[in-house]
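Engineer: Provided herewith: target36.cif, mmCIF, C-alpha atoms and all ligand atoms.
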data_start
loop_
_atom_site.label_atom_id
_atom_site.label_comp_id
_atom_site.auth_asym_id
_atom_site.auth_seq_id
_atom_site.Cartn_x
_atom_site.Cartn_y
_atom_site.Cartn_z
CA MET X 1 27.15 10.18 31.68
CA GLU X 2 24.51 7.66 32.62
CA HIS X 3 22.32 7.12 29.57
CA TRP X 4 19.03 5.25 29.85
CA GLY X 5 17.60 2.48 27.72
CA ILE X 6 13.89 2.13 28.41
CA PHE X 7 12.10 -0.81 26.87
CA THR X 8 8.52 -0.27 25.90
CA ASP X 9 5.95 -2.73 24.78
CA ASN X 10 2.71 -2.09 22.99
CA LYS X 11 0.95 -1.28 26.28
CA SER X 12 3.45 1.28 27.59
CA LYS X 13 2.01 4.74 28.07
CA LYS X 14 4.85 6.53 26.32
CA ALA X 15 3.20 9.93 25.86
CA ASP X 16 2.43 10.15 29.61
CA PHE X 17 5.96 9.11 30.46
CA VAL X 18 7.53 11.75 28.20
CA SER X 19 5.21 14.46 29.48
CA ASN X 20 5.91 13.57 33.15
CA LEU X 21 9.64 13.47 32.49
CA GLN X 22 9.58 16.92 30.88
CA LYS X 23 7.54 18.31 33.79
CA ASN X 24 9.99 16.90 36.33
CA ARG X 25 7.44 14.58 37.87
CA LEU X 26 9.55 11.41 37.72
CA PRO X 27 11.75 10.65 40.75
CA GLU X 28 14.33 8.83 38.57
CA PHE X 29 14.94 11.97 36.51
CA LEU X 30 14.82 14.81 39.06
CA ASN X 31 18.46 15.61 38.27
CA LEU X 32 17.29 16.92 34.87
CA LYS X 33 15.43 19.82 36.46
CA GLY X 34 16.36 23.09 34.74
CA SER X 35 18.17 21.40 31.87
CA LYS X 36 17.31 21.73 28.21
CA GLY X 37 15.65 18.65 26.75
CA TYR X 38 14.33 17.79 23.29
CA LEU X 39 12.24 15.04 21.86
CA PHE X 40 13.35 13.07 18.80
CA SER X 41 10.14 11.33 17.93
CA PRO X 42 7.33 11.01 15.38
CA LEU X 43 5.25 13.31 17.61
CA ALA X 44 7.87 16.09 17.43
CA LEU X 45 7.90 15.74 13.62
CA LYS X 46 4.13 15.87 13.45
CA LYS X 47 4.14 19.17 15.35
CA PHE X 48 6.68 20.73 12.97
CA ILE X 49 4.67 19.57 9.94
CA GLU X 50 1.50 21.11 11.41
CA GLU X 51 3.33 24.37 12.18
CA GLU X 52 4.72 24.54 8.63
CA GLU X 53 1.23 24.05 7.24
CA GLN X 54 -0.42 26.60 9.53
CA HIS X 55 2.15 29.37 9.12
CA GLY X 56 3.25 28.58 5.58
CA THR X 57 6.89 28.79 6.66
CA LYS X 58 9.59 26.16 6.46
CA ILE X 59 10.82 25.68 10.00
CA ILE X 60 13.22 22.81 9.92
CA SER X 61 13.18 21.74 6.29
CA SER X 62 15.25 23.06 3.44
CA LYS X 63 14.12 26.15 1.55
CA GLU X 64 13.20 24.08 -1.51
CA GLN X 65 11.05 21.35 0.00
CA ALA X 66 8.30 21.21 2.60
CA LEU X 67 8.83 18.76 5.46
CA LYS X 68 5.57 17.00 4.63
CA THR X 69 6.75 15.95 1.16
CA MET X 70 10.08 14.56 2.38
CA SER X 71 10.55 10.82 2.76
CA SER X 72 10.45 9.57 6.36
CA GLY X 73 14.22 9.20 6.51
CA GLU X 74 14.77 12.72 5.20
CA GLN X 75 12.34 14.06 7.81
CA LYS X 76 14.32 12.40 10.60
CA LYS X 77 17.59 13.84 9.29
CA ALA X 78 16.05 17.34 9.24
CA LEU X 79 14.73 16.95 12.81
CA TRP X 80 18.09 15.67 14.07
CA SER X 81 20.07 18.65 12.72
CA ASN X 82 17.43 21.01 14.07
CA ILE X 83 17.73 19.57 17.61
CA LEU X 84 21.53 19.62 17.56
CA LYS X 85 21.51 23.35 16.69
CA GLU X 86 19.78 24.02 20.03
CA SER X 87 22.67 22.51 22.07
CA PRO X 88 20.48 20.26 24.23
CA ASP X 89 21.46 18.82 27.62
CA TYR X 90 19.35 15.74 27.06
CA ILE X 91 17.39 14.14 24.22
CA ILE X 92 14.57 11.63 24.49
CA LEU X 93 14.92 9.27 21.54
CA ASP X 94 11.65 7.53 20.74
CA ASN X 95 12.42 4.48 18.56
CA PRO X 96 15.00 6.55 16.66
CA PHE X 97 15.77 3.84 14.10
CA ASP X 98 12.24 3.15 12.91
CA ASN X 99 11.73 3.76 9.18
CA LEU X 100 15.46 4.21 8.67
CA ASP X 101 17.47 2.16 6.21
CA ALA X 102 20.62 0.31 7.33
CA HIS X 103 22.94 3.03 6.02
CA PHE X 104 21.26 5.88 7.88
CA GLN X 105 20.84 3.73 11.01
CA ASP X 106 24.64 3.31 11.08
CA GLU X 107 25.14 7.01 10.40
CA LEU X 108 22.72 7.99 13.20
CA LYS X 109 24.33 5.50 15.62
CA LYS X 110 27.74 7.13 14.97
CA LEU X 111 26.32 10.65 15.43
CA LEU X 112 24.70 9.66 18.74
CA THR X 113 27.84 7.89 19.97
CA ASN X 114 29.92 10.97 19.14
CA GLN X 115 27.60 13.17 21.22
CA SER X 116 27.25 10.70 24.10
CA ASN X 117 29.84 12.41 26.30
CA LYS X 118 28.06 15.79 25.95
CA ILE X 119 24.36 14.96 25.76
CA LEU X 120 22.38 12.61 27.97
CA PHE X 121 20.25 10.18 25.97
CA ILE X 122 17.07 8.53 27.14
CA GLN X 123 16.25 5.94 24.52
CA LEU X 124 12.77 4.43 24.31
CA ALA X 125 13.08 1.18 22.39
CA SER X 126 10.56 -1.44 21.41
CA ARG X 127 13.16 -3.65 19.72
CA LYS X 128 16.09 -5.00 21.75
CA SER X 129 18.42 -4.93 18.76
CA ASP X 130 18.00 -1.13 18.51
CA ILE X 131 19.54 -0.32 21.92
CA LEU X 132 22.56 1.99 21.58
CA PRO X 133 25.88 0.38 22.51
CA PHE X 134 26.89 3.03 25.09
CA ILE X 135 23.75 2.58 27.22
CA LYS X 136 24.38 0.88 30.55
CA LYS X 137 21.26 1.62 32.57
CA PHE X 138 17.99 -0.12 31.71
CA ALA X 139 14.36 -0.02 32.69
CA ILE X 140 11.06 -1.21 31.33
CA LEU X 141 7.93 0.93 31.07
CA LYS X 142 4.98 -1.20 32.16
CA GLU X 143 1.91 0.87 31.35
CA ASN X 144 2.73 3.95 33.49
CA LYS X 145 5.32 2.40 35.82
CA LEU X 146 9.04 2.45 35.32
CA LYS X 147 10.74 -0.72 36.56
CA ILE X 148 14.53 -0.67 36.78
CA LEU X 149 16.13 -3.71 35.17
CA ASP X 150 19.19 -5.57 36.19
CA LYS X 151 21.58 -6.83 33.48
CA LYS X 152 20.30 -10.37 34.13
CA ASP X 153 16.69 -9.26 33.50
CA LEU X 154 17.57 -8.24 29.96
CA LYS X 155 16.70 -11.59 28.46
CA PHE X 156 13.01 -11.35 27.59
CA LYS X 157 10.96 -14.41 26.89
CA GLU X 158 9.62 -14.78 23.38
CA ASN X 159 5.90 -14.92 23.58
CA ILE X 160 4.53 -15.13 20.06
CA PRO X 161 0.85 -16.02 19.94
CA ARG X 162 0.07 -18.94 17.64
CA LEU X 163 -2.35 -18.22 14.82
CA GLU X 164 -4.54 -21.30 15.08
CA GLY X 165 -7.06 -21.99 12.35
CA ILE X 166 -7.41 -21.13 8.71
CA ILE X 167 -7.92 -17.77 7.01
CA PRO X 168 -11.72 -17.21 6.95
CA PRO X 169 -13.28 -17.12 3.48
CA PRO X 170 -14.47 -13.88 1.82
CA ILE X 171 -18.04 -12.86 1.00
CA ASP X 172 -18.78 -11.20 -2.38
CA LYS X 173 -15.22 -11.44 -3.59
CA THR X 174 -14.10 -8.96 -6.29
CA GLU X 175 -12.64 -11.00 -9.14
CA VAL X 176 -10.15 -9.79 -11.73
CA ASP X 177 -9.86 -11.70 -15.01
CA GLU X 178 -6.45 -10.30 -15.96
CA PRO X 179 -3.49 -12.49 -14.96
CA THR X 180 -1.31 -9.34 -14.53
CA LEU X 181 -2.60 -6.97 -11.86
CA ILE X 182 0.07 -4.28 -12.08
CA ALA X 183 2.43 -3.44 -14.92
CA PHE X 184 4.97 -0.58 -14.89
CA LYS X 185 6.76 -0.01 -18.18
CA ASN X 186 9.82 2.19 -18.15
CA VAL X 187 8.34 4.47 -15.45
CA THR X 188 10.46 7.55 -14.73
CA VAL X 189 9.57 10.21 -12.13
CA SER X 190 11.19 13.53 -11.20
CA TYR X 191 10.24 16.46 -8.99
CA GLY X 192 11.78 19.47 -10.71
CA ARG X 193 15.48 18.74 -10.91
CA LYS X 194 15.25 15.89 -8.41
CA HIS X 195 15.18 12.49 -10.14
CA VAL X 196 13.30 9.88 -8.12
CA LEU X 197 12.65 6.84 -10.35
CA GLN X 198 14.43 5.79 -13.51
CA GLY X 199 13.01 3.28 -16.00
CA ILE X 200 11.11 1.01 -13.60
CA ASP X 201 9.79 -2.19 -15.24
CA TRP X 202 7.69 -4.31 -12.91
CA GLN X 203 4.81 -6.73 -13.11
CA VAL X 204 2.73 -8.14 -10.28
CA LYS X 205 0.74 -11.22 -11.27
CA LYS X 206 -2.28 -12.80 -9.60
CA GLY X 207 -1.46 -14.46 -6.30
CA GLU X 208 2.16 -13.27 -6.13
CA PHE X 209 3.78 -12.22 -2.85
CA TRP X 210 6.19 -9.30 -3.29
CA GLN X 211 8.36 -7.29 -0.97
CA LEU X 212 9.28 -3.75 -2.10
CA ILE X 213 12.46 -2.56 -0.43
CA GLY X 214 14.78 0.38 -0.81
CA SER X 215 16.68 2.91 1.27
CA ASN X 216 15.13 6.13 2.56
CA GLY X 217 13.99 8.39 -0.24
CA SER X 218 14.44 5.69 -2.90
CA GLY X 219 10.84 6.08 -4.11
CA LYS X 220 8.82 3.29 -2.44
CA THR X 221 5.98 5.60 -1.43
CA THR X 222 6.07 7.22 -4.87
CA ILE X 223 5.52 3.81 -6.52
CA ILE X 224 2.71 2.84 -4.15
CA SER X 225 0.89 6.15 -4.57
CA MET X 226 0.95 5.69 -8.35
CA ILE X 227 -0.89 2.40 -7.83
CA THR X 228 -3.40 3.55 -5.23
CA GLY X 229 -4.32 6.59 -7.30
CA ASP X 230 -2.97 9.30 -5.01
CA SER X 231 -0.20 10.58 -7.26
CA ALA X 232 -0.47 12.89 -10.25
CA LYS X 233 2.94 11.56 -11.28
CA ALA X 234 1.22 8.44 -12.68
CA PHE X 235 -0.37 10.35 -15.55
CA GLY X 236 1.39 10.11 -18.85
CA GLN X 237 3.29 7.01 -17.67
CA GLU X 238 2.84 3.50 -18.98
CA ILE X 239 1.17 2.00 -15.95
CA TYR X 240 -1.50 -0.71 -16.25
CA LEU X 241 -3.71 -1.50 -13.27
CA PHE X 242 -5.91 -4.60 -13.45
CA GLY X 243 -5.61 -4.61 -17.25
CA ASN X 244 -6.44 -0.94 -17.87
CA LYS X 245 -3.98 1.79 -18.72
CA LYS X 246 -3.91 4.20 -15.79
CA GLY X 247 -5.93 7.30 -16.56
CA SER X 248 -7.91 5.72 -19.41
CA GLY X 249 -10.28 3.16 -17.98
CA GLU X 250 -11.38 2.73 -14.41
CA SER X 251 -12.01 5.53 -11.93
CA VAL X 252 -9.86 5.88 -8.83
CA TRP X 253 -12.83 4.54 -6.85
CA GLU X 254 -13.01 1.38 -8.99
CA ILE X 255 -9.29 0.81 -8.54
CA LYS X 256 -9.52 1.30 -4.77
CA GLN X 257 -12.27 -1.34 -4.66
CA LYS X 258 -9.71 -3.91 -5.76
CA ILE X 259 -7.02 -2.92 -3.29
CA GLY X 260 -6.77 -3.55 0.44
CA TYR X 261 -4.33 -1.01 1.90
CA PHE X 262 -2.80 -0.51 5.31
CA SER X 263 -0.17 1.93 6.51
CA PRO X 264 0.42 2.73 10.21
CA SER X 265 -0.43 6.40 9.63
CA MET X 266 -4.03 5.30 8.94
CA THR X 267 -4.40 4.23 12.56
CA ASP X 268 -4.46 7.92 13.55
CA LYS X 269 -7.55 8.47 11.39
CA PHE X 270 -9.60 6.04 13.46
CA ALA X 271 -10.66 7.93 16.56
CA GLY X 272 -11.03 4.51 18.15
CA ARG X 273 -14.58 4.80 19.39
CA HIS X 274 -15.59 1.52 17.72
CA SER X 275 -15.12 -1.94 19.14
CA ILE X 276 -12.58 -4.05 17.30
CA GLU X 277 -15.40 -6.38 16.22
CA ASN X 278 -17.24 -3.48 14.59
CA MET X 279 -14.04 -2.21 12.99
CA LEU X 280 -13.69 -5.54 11.20
CA ILE X 281 -17.37 -5.80 10.29
CA SER X 282 -17.19 -2.29 8.82
CA GLY X 283 -14.23 -3.48 6.70
CA LEU X 284 -16.51 -6.12 5.17
CA LEU X 285 -19.25 -3.55 4.61
CA ASP X 286 -16.97 -0.75 3.33
CA SER X 287 -17.92 1.85 5.91
CA ILE X 288 -16.21 3.36 8.94
CA GLY X 289 -19.22 3.37 11.23
CA LEU X 290 -21.80 0.62 11.13
CA TYR X 291 -24.35 2.31 8.92
CA VAL X 292 -25.23 -0.90 7.13
CA LYS X 293 -26.60 -3.64 9.35
CA PRO X 294 -24.39 -6.72 9.31
CA THR X 295 -25.96 -10.12 8.64
CA GLU X 296 -25.32 -13.29 10.64
CA ILE X 297 -22.83 -14.38 7.95
CA HIS X 298 -20.82 -11.16 8.35
CA LYS X 299 -20.75 -11.68 12.11
CA ARG X 300 -19.71 -15.31 11.78
CA ILE X 301 -16.84 -14.49 9.42
CA ILE X 302 -15.53 -11.79 11.76
CA LYS X 303 -15.80 -14.16 14.72
CA SER X 304 -13.50 -16.57 12.87
CA TRP X 305 -11.00 -13.76 12.18
CA LEU X 306 -11.01 -12.66 15.82
CA GLU X 307 -10.52 -16.25 16.97
CA LEU X 308 -7.59 -16.61 14.59
CA LEU X 309 -5.99 -13.51 16.14
CA ASN X 310 -6.76 -14.67 19.71
CA LEU X 311 -8.88 -11.54 20.11
CA TRP X 312 -12.38 -12.99 20.40
CA GLU X 313 -12.43 -12.38 24.16
CA SER X 314 -11.55 -8.72 23.55
CA ARG X 315 -14.11 -8.24 20.75
CA ASN X 316 -15.96 -5.50 22.64
CA SER X 317 -12.81 -3.53 23.53
CA LEU X 318 -12.60 -0.15 21.87
CA PHE X 319 -9.96 0.14 19.17
CA LYS X 320 -8.22 2.95 21.10
CA ASP X 321 -7.91 0.78 24.22
CA VAL X 322 -6.16 -2.26 22.71
CA SER X 323 -2.37 -2.43 22.40
CA LEU X 324 -0.52 -1.00 19.40
CA GLY X 325 0.31 -4.53 18.20
CA GLU X 326 -3.35 -5.52 18.38
CA GLN X 327 -4.40 -2.35 16.54
CA ARG X 328 -1.98 -3.18 13.72
CA LEU X 329 -3.31 -6.76 13.49
CA VAL X 330 -6.88 -5.49 13.37
CA MET X 331 -6.10 -2.91 10.67
CA THR X 332 -4.15 -5.46 8.60
CA VAL X 333 -7.05 -7.91 8.79
CA ARG X 334 -9.49 -5.09 8.00
CA ALA X 335 -7.61 -4.51 4.74
CA MET X 336 -7.79 -8.25 3.97
CA VAL X 337 -11.29 -9.35 5.09
CA LYS X 338 -12.74 -9.08 1.58
CA HIS X 339 -9.81 -10.99 0.05
CA PRO X 340 -9.09 -8.11 -2.35
CA PRO X 341 -7.20 -8.98 -5.56
CA LEU X 342 -4.29 -6.86 -4.23
CA LEU X 343 -3.19 -6.16 -0.65
CA ILE X 344 -0.63 -3.41 -0.01
CA LEU X 345 1.00 -3.20 3.42
CA ASP X 346 3.14 -0.08 3.78
CA GLU X 347 5.80 -0.47 6.54
CA PRO X 348 3.22 -2.27 8.72
CA THR X 349 5.68 -3.29 11.47
CA SER X 350 7.32 0.10 12.15
CA GLY X 351 7.25 0.94 15.86
CA MET X 352 6.12 -2.56 16.88
CA ASP X 353 7.91 -4.65 19.48
CA ASP X 354 9.71 -7.82 18.37
CA ASN X 355 6.97 -10.26 19.36
CA SER X 356 4.09 -8.30 17.82
CA ALA X 357 6.07 -7.74 14.61
CA LYS X 358 6.64 -11.50 14.35
CA THR X 359 2.92 -12.20 14.79
CA LEU X 360 2.07 -9.75 12.01
CA VAL X 361 4.71 -11.29 9.73
CA ASN X 362 3.31 -14.78 10.43
CA LEU X 363 -0.17 -13.54 9.57
CA VAL X 364 0.97 -12.07 6.24
CA ASN X 365 2.81 -15.30 5.36
CA LYS X 366 -0.43 -17.12 6.10
CA PHE X 367 -2.41 -14.80 3.77
CA ALA X 368 0.09 -15.59 1.02
CA HIS X 369 -0.09 -19.32 1.66
CA GLU X 370 -3.84 -19.76 2.01
CA THR X 371 -5.41 -17.18 -0.34
CA ASN X 372 -4.90 -15.99 -3.92
CA THR X 373 -4.63 -12.30 -2.99
CA SER X 374 -1.46 -10.70 -4.40
CA ILE X 375 0.57 -8.99 -1.69
CA ILE X 376 3.03 -6.07 -1.77
CA PHE X 377 4.83 -5.65 1.55
CA VAL X 378 6.77 -2.37 1.65
CA SER X 379 9.70 -1.93 4.02
CA HIS X 380 13.14 -0.41 4.11
CA ARG X 381 14.70 -3.53 5.58
CA LYS X 382 14.30 -7.22 4.91
CA GLU X 383 11.65 -8.20 7.44
CA ALA X 384 12.82 -11.20 9.50
CA GLY X 385 10.66 -14.27 8.93
CA LEU X 386 8.74 -12.84 5.96
CA ASN X 387 8.64 -15.26 3.00
CA PRO X 388 7.97 -13.22 -0.16
CA GLU X 389 8.43 -15.02 -3.49
CA LYS X 390 10.05 -12.00 -5.10
CA THR X 391 11.51 -8.65 -4.11
CA LEU X 392 11.68 -5.41 -6.06
CA GLU X 393 14.74 -3.63 -4.73
CA LEU X 394 15.20 0.08 -5.45
CA THR X 395 18.75 1.44 -5.60
CA LYS X 396 19.40 5.16 -5.77
CA THR X 397 21.42 6.60 -8.67
CA GLU X 398 22.05 10.17 -9.83
CA LYS X 399 19.29 9.78 -12.41
CA GLY X 400 16.74 8.32 -9.98
CA SER X 401 16.31 4.88 -8.42
CA VAL X 402 16.58 1.80 -10.58
CA GLY X 403 14.72 -1.41 -9.79
CA LYS X 404 16.17 -4.90 -9.52
CA ILE X 405 14.08 -8.04 -9.13
CA VAL X 406 15.47 -10.54 -6.65
CA TYR X 407 14.06 -14.07 -6.27
N1 LIG K 501 6.20 16.84 -3.56
C1 LIG K 501 7.51 16.57 -3.59
N2 LIG K 501 8.41 17.53 -3.93
C2 LIG K 501 9.73 17.27 -3.98
N3 LIG K 501 10.27 16.06 -3.71
C3 LIG K 501 9.43 15.07 -3.37
C4 LIG K 501 8.00 15.27 -3.27
N4 LIG K 501 7.43 14.10 -2.91
C5 LIG K 501 8.45 13.21 -2.77
N5 LIG K 501 9.65 13.79 -3.04
C6 LIG K 501 10.99 13.17 -2.98
O1 LIG K 501 10.97 11.93 -3.68
C7 LIG K 501 11.93 11.05 -3.10
C8 LIG K 501 11.27 9.69 -2.88
O2 LIG K 501 10.36 9.78 -1.79
P1 LIG K 501 9.53 8.55 -1.27
O3 LIG K 501 8.70 9.06 -0.14
O4 LIG K 501 8.85 7.88 -2.41
O5 LIG K 501 10.69 7.60 -0.72
P2 LIG K 501 10.60 6.29 0.20
O6 LIG K 501 11.42 5.24 -0.48
O7 LIG K 501 9.18 5.97 0.48
O8 LIG K 501 11.37 6.77 1.50
P3 LIG K 501 11.21 6.41 3.09
O9 LIG K 501 11.65 5.00 3.27
O10 LIG K 501 12.18 7.36 3.74
O11 LIG K 501 9.79 6.68 3.44
C9 LIG K 501 12.42 11.71 -1.82
O12 LIG K 501 13.70 12.25 -2.02
C10 LIG K 501 11.38 12.80 -1.56
O13 LIG K 501 11.96 13.92 -0.91
#
Take the structure in the file and give it back as structure tokens.
Structural biologist:
Amino acid sequence: MEHWGIFTDNKSKKADFVSNLQKNRLPEFLNLKGSKGYLFSPLALKKFIEEEEQHGTKIISSKEQALKTMSSGEQKKALWSNILKESPDYIILDNPFDNLDAHFQDELKKLLTNQSNKILFIQLASRKSDILPFIKKFAILKENKLKILDKKDLKFKENIPRLEGIIPPPIDKTEVDEPTLIAFKNVTVSYGRKHVLQGIDWQVKKGEFWQLIGSNGSGKTTIISMITGDSAKAFGQEIYLFGNKKGSGESVWEIKQKIGYFSPSMTDKFAGRHSIENMLISGLLDSIGLYVKPTEIHKRIIKSWLELLNLWESRNSLFKDVSLGEQRLVMTVRAMVKHPPLLILDEPTSGMDDNSAKTLVNLVNKFAHETNTSIIFVSHRKEAGLNPEKTLELTKTEKGSVGKIVY
């Protein structure tokens, strides 16, 4: 069977490609006419989640738990078993290893290899290291065009833009007097009989750069949502945020004022009708549209940020029209423009190609080096090139995940 590895970059029109392939409009895939194909992708998951919500039924998840509340790794496992039940002829795998920890990546690689003599795989990959070992035919998707690659073409040049200049200063910086921004004391969380966290002790001090890692379902999102105020599980726990016991002092709004937050799922919420310059200005002014008129100082600061990112020339481009890598850089900077006391980046590089991921990592290292914002970078794997001072590593046990601090 001739499986395909199709490299994508942040400008590839993947949705168009998949739709054309499924409608038999691509000359390279005419042989798939009449065969049964499925999509293993974030888009397919999103559709199932929406269907579950609309009809109130559990379609691919277990009887006990809705798909929406599962961790990203658990969602992928549920989707995979659902597709296999349908006995497909071919499967389009869209960055199948994103958001998966090393253990499940190995498990999924074995499952795919075992099926590779029965099912045809078309793998869309933005990272070279993700390509499945049994794939022998390669192409690259340049915008809408598929270009077949020869083995010798498989060495891509590294083209990592330099971040020239310094991190622009903040305006009206929010200061926190407390030296300890976050303190978790013996925090334990369960959902019914499912134990998620067990006795977590953790402190984040001013200016520290942390990475939070752990396998799928180990409780990373649970920890972050207890900080950002989105989880009822935080109540009754000994959690101190910016010096106040959670639930006793500041309102959720006051806490959010002190935190810059970015997760790739937020990108969907921005319809993209604003220019990237306005997106950043609105980050300084705390609004999504530009309801408050920016001053010359606001504009000057944002000019410096755009120059740092090599995006000044594209300042008038609409957010929806720039590449995925550029969108992630803009959103990361948007979370940082005010130099908040705490910046949380939740799996910011998932789905990015190698070069864009490296640029984002370099930018975060630069934040840590040149500012006194504390940073928590959440990921399931150790991000290459990232230089955190400390790591909180979650390890699953029967009684919930325990935390270990690694220097
Ligand atoms: N509302 C809920 N009901 C039941 N279980 C839940 C609920 N919310 C979360 N969980 C479970 O808590 C565990 C931890 O989930 P969490 O999303 O915090 O993990 P994670 O480390 O962020 O995982 P991933 O890397 O896969 O995103 C998972 O097993 C998840 O299924």
Engineer: Write out as number ranges by chain the residues lying within 8 Å of Val189 of chain X, counting only C-alpha atoms and excluding same-chain residues fewer than 5 positions away.
Structural biologist: X: 195-198, 233, 400
Engineer: How many Å separate atom CA of Asn316 of chain X from atom CA of Leu141 of chain X?
Structural biologist: 26.1 Å
Engineer: Between atom CA of Asp9 of chain X and atom CA of Leu146 of chain X, what distance in Å does the model show, to one decimal?
Structural biologist: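 Answer for the atom CA of Asp9 of chain X to atom CA of Leu146 of chain X separation: 12.1 Å.
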Engineer: Using all atoms listed in the file, find each residue with an atom at most 6 Å away from ligand LIG 501 (chain K) and format the answer as a PyMOL selection string.
Structural biologist: chain X and resi 65+69-73+191+196+214-222+380
Engineer: Measuring between all atoms listed in the file, which one of X:Ser41, X:Thr391, X:Ser401, X:Thr332 shows the shortest distance to Val18 of chain X?
Structural biologist: X:Ser41
Engineer: Fewer than 2 positions away in the same chain doesn't count, so skip those; otherwise give me all residues within 7 Å of Ser350 of chain X, counting only C-alpha atoms, as a list in words.
Structural biologist: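 Contacts, with the query itself left out: Asp98, Asn99, Glu347, Pro348 and Met352 of chain X.
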Engineer: Once you count all atoms listed in the file, what closest atom pair and distance in Å to one decimal does each residue of segment 119-182 of chain X within 6 Å of segment 301-313 of chain X have, with rows by chain and rising residue number, as a Markdown table?
Structural biologist:
| residue | atom | partner | partner_atom | distance |
| --- | --- | --- | --- | --- |
| X:Leu163 | CA | X:Leu308 | CA | 5.5 |
| X:Glu164 | CA | X:Leu308 | CA | 5.6 |
| X:Gly165 | CA | X:Leu308 | CA | 5.9 |
Engineer: For those residues, write C-alpha atoms to a file as an mmCIF file, in the frame of the given file.
Structural biologist:
data_model
loop_
_atom_site.group_PDB
_atom_site.id
_atom_site.type_symbol
_atom_site.label_atom_id
_atom_site.label_comp_id
_atom_site.auth_asym_id
_atom_site.auth_seq_id
_atom_site.Cartn_x
_atom_site.Cartn_y
_atom_site.Cartn_z
ATOM 1 C CA LEU X 163 -2.350 -18.220 14.820
ATOM 2 C CA GLU X 164 -4.540 -21.300 15.080
ATOM 3 C CA GLY X 165 -7.060 -21.990 12.350
#
Engineer: Take atom CA of Phe184 of chain X and atom CA of Arg328 of chain X and report the distance between them in Å, one decimal.
Structural biologist: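 If I compute the distance from atom CA of Phe184 of chain X to atom CA of Arg328 of chain X, I get 29.6 Å.
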Engineer: Check the smallest atom-to-atom distance from each of X:Leu45, X:Asn278, X:Gln327, X:Ser19 to Lys299 of chain X using all atoms listed in the file, then report the winner.
Structural biologist: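 The answer is X:Asn278, which sits nearest to Lys299 of chain X.
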Engineer: Need to verify the contact set: Phe235 of chain X, 10 Å, all atoms listed in the file, exclusion of same-chain residues closer than 5 positions in sequence. Can you return it as a list in words?
Structural biologist: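 With the cut-off at 10 Å, the set is Met226, Gly229, Lys245, Lys246, Gly247 and Ser248 of chain X.
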Engineer: Can you tell me which residues surround Ala384 of chain X at a distance of at most 12 Å, considering all atoms listed in the file, apart from same-chain residues fewer than 5 positions away, and format the answer as a ChimeraX atom specification?
Structural biologist: /X:349,354-355,357-362,365,379
Engineer: My list of candidates is X:Lys382, X:His298, X:Lys293, X:His3. Which is closest to Gln115 of chain X when distances are computed with only C-alpha atoms?
Structural biologist: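 Between X:Lys382, X:His298, X:Lys293, X:His3, the residue approaching Gln115 of chain X most closely is X:His3.
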Engineer: What's the 12 Å shell around Ile83 of chain X, counting all atoms listed in the file, without same-chain residues fewer than 3 positions away, as a ChimeraX atom specification?
Structural biologist: /X:36-41,44-45,59-60,76-80,86-93,119
Engineer: Using all atoms listed in the file, which of the listed residues (X:Ile6, X:Val402, X:Leu392, X:Ile223) sits closest to Ala139 of chain X?
Structural biologist: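 Of X:Ile6, X:Val402, X:Leu392, X:Ile223, the one nearest Ala139 of chain X is X:Ile6, counting all atoms listed in the file.
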Engineer: Return the single residue from X:Met331, X:Ile49, X:Val322, X:Ala15 that is closest to Leu124 of chain X, with distances computed using only C-alpha atoms.
Structural biologist: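 Smallest separation from Leu124 of chain X among the options: X:Ala15.
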Engineer: Using all atoms listed in the file, can you list as a PDB file with C-alpha atoms, in the coordinates of the input the residues within 8 Å of (-10.6, -10.3, -0.2)?
Structural biologist:
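What ended up in result-v5.pdb:
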ATOM      1  CA  PRO X 170     -14.470 -13.880   1.820  1.00  0.00           C
ATOM      2  CA  ILE X 171     -18.040 -12.860   1.000  1.00  0.00           C
ATOM      3  CA  LYS X 173     -15.220 -11.440  -3.590  1.00  0.00           C
ATOM      4  CA  THR X 174     -14.100  -8.960  -6.290  1.00  0.00           C
ATOM      5  CA  GLY X 260      -6.770  -3.550   0.440  1.00  0.00           C
ATOM      6  CA  MET X 336      -7.790  -8.250   3.970  1.00  0.00           C
ATOM      7  CA  VAL X 337     -11.290  -9.350   5.090  1.00  0.00           C
ATOM      8  CA  LYS X 338     -12.740  -9.080   1.580  1.00  0.00           C
ATOM      9  CA  HIS X 339      -9.810 -10.990   0.050  1.00  0.00           C
ATOM     10  CA  PRO X 340      -9.090  -8.110  -2.350  1.00  0.00           C
ATOM     11  CA  PRO X 341      -7.200  -8.980  -5.560  1.00  0.00           C
ATOM     12  CA  THR X 373      -4.630 -12.300  -2.990  1.00  0.00           C
TER      13      THR X 373
END
Engineer: Choose the residue, out of X:Leu324, X:Ala234, X:Leu284, X:Ile148, that has the smallest atom-to-atom separation from Lys13 of chain X; count all atoms listed in the file.
Structural biologist: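 Looking only at the distances to Lys13 of chain X, the closest residue turns out to be X:Leu324.
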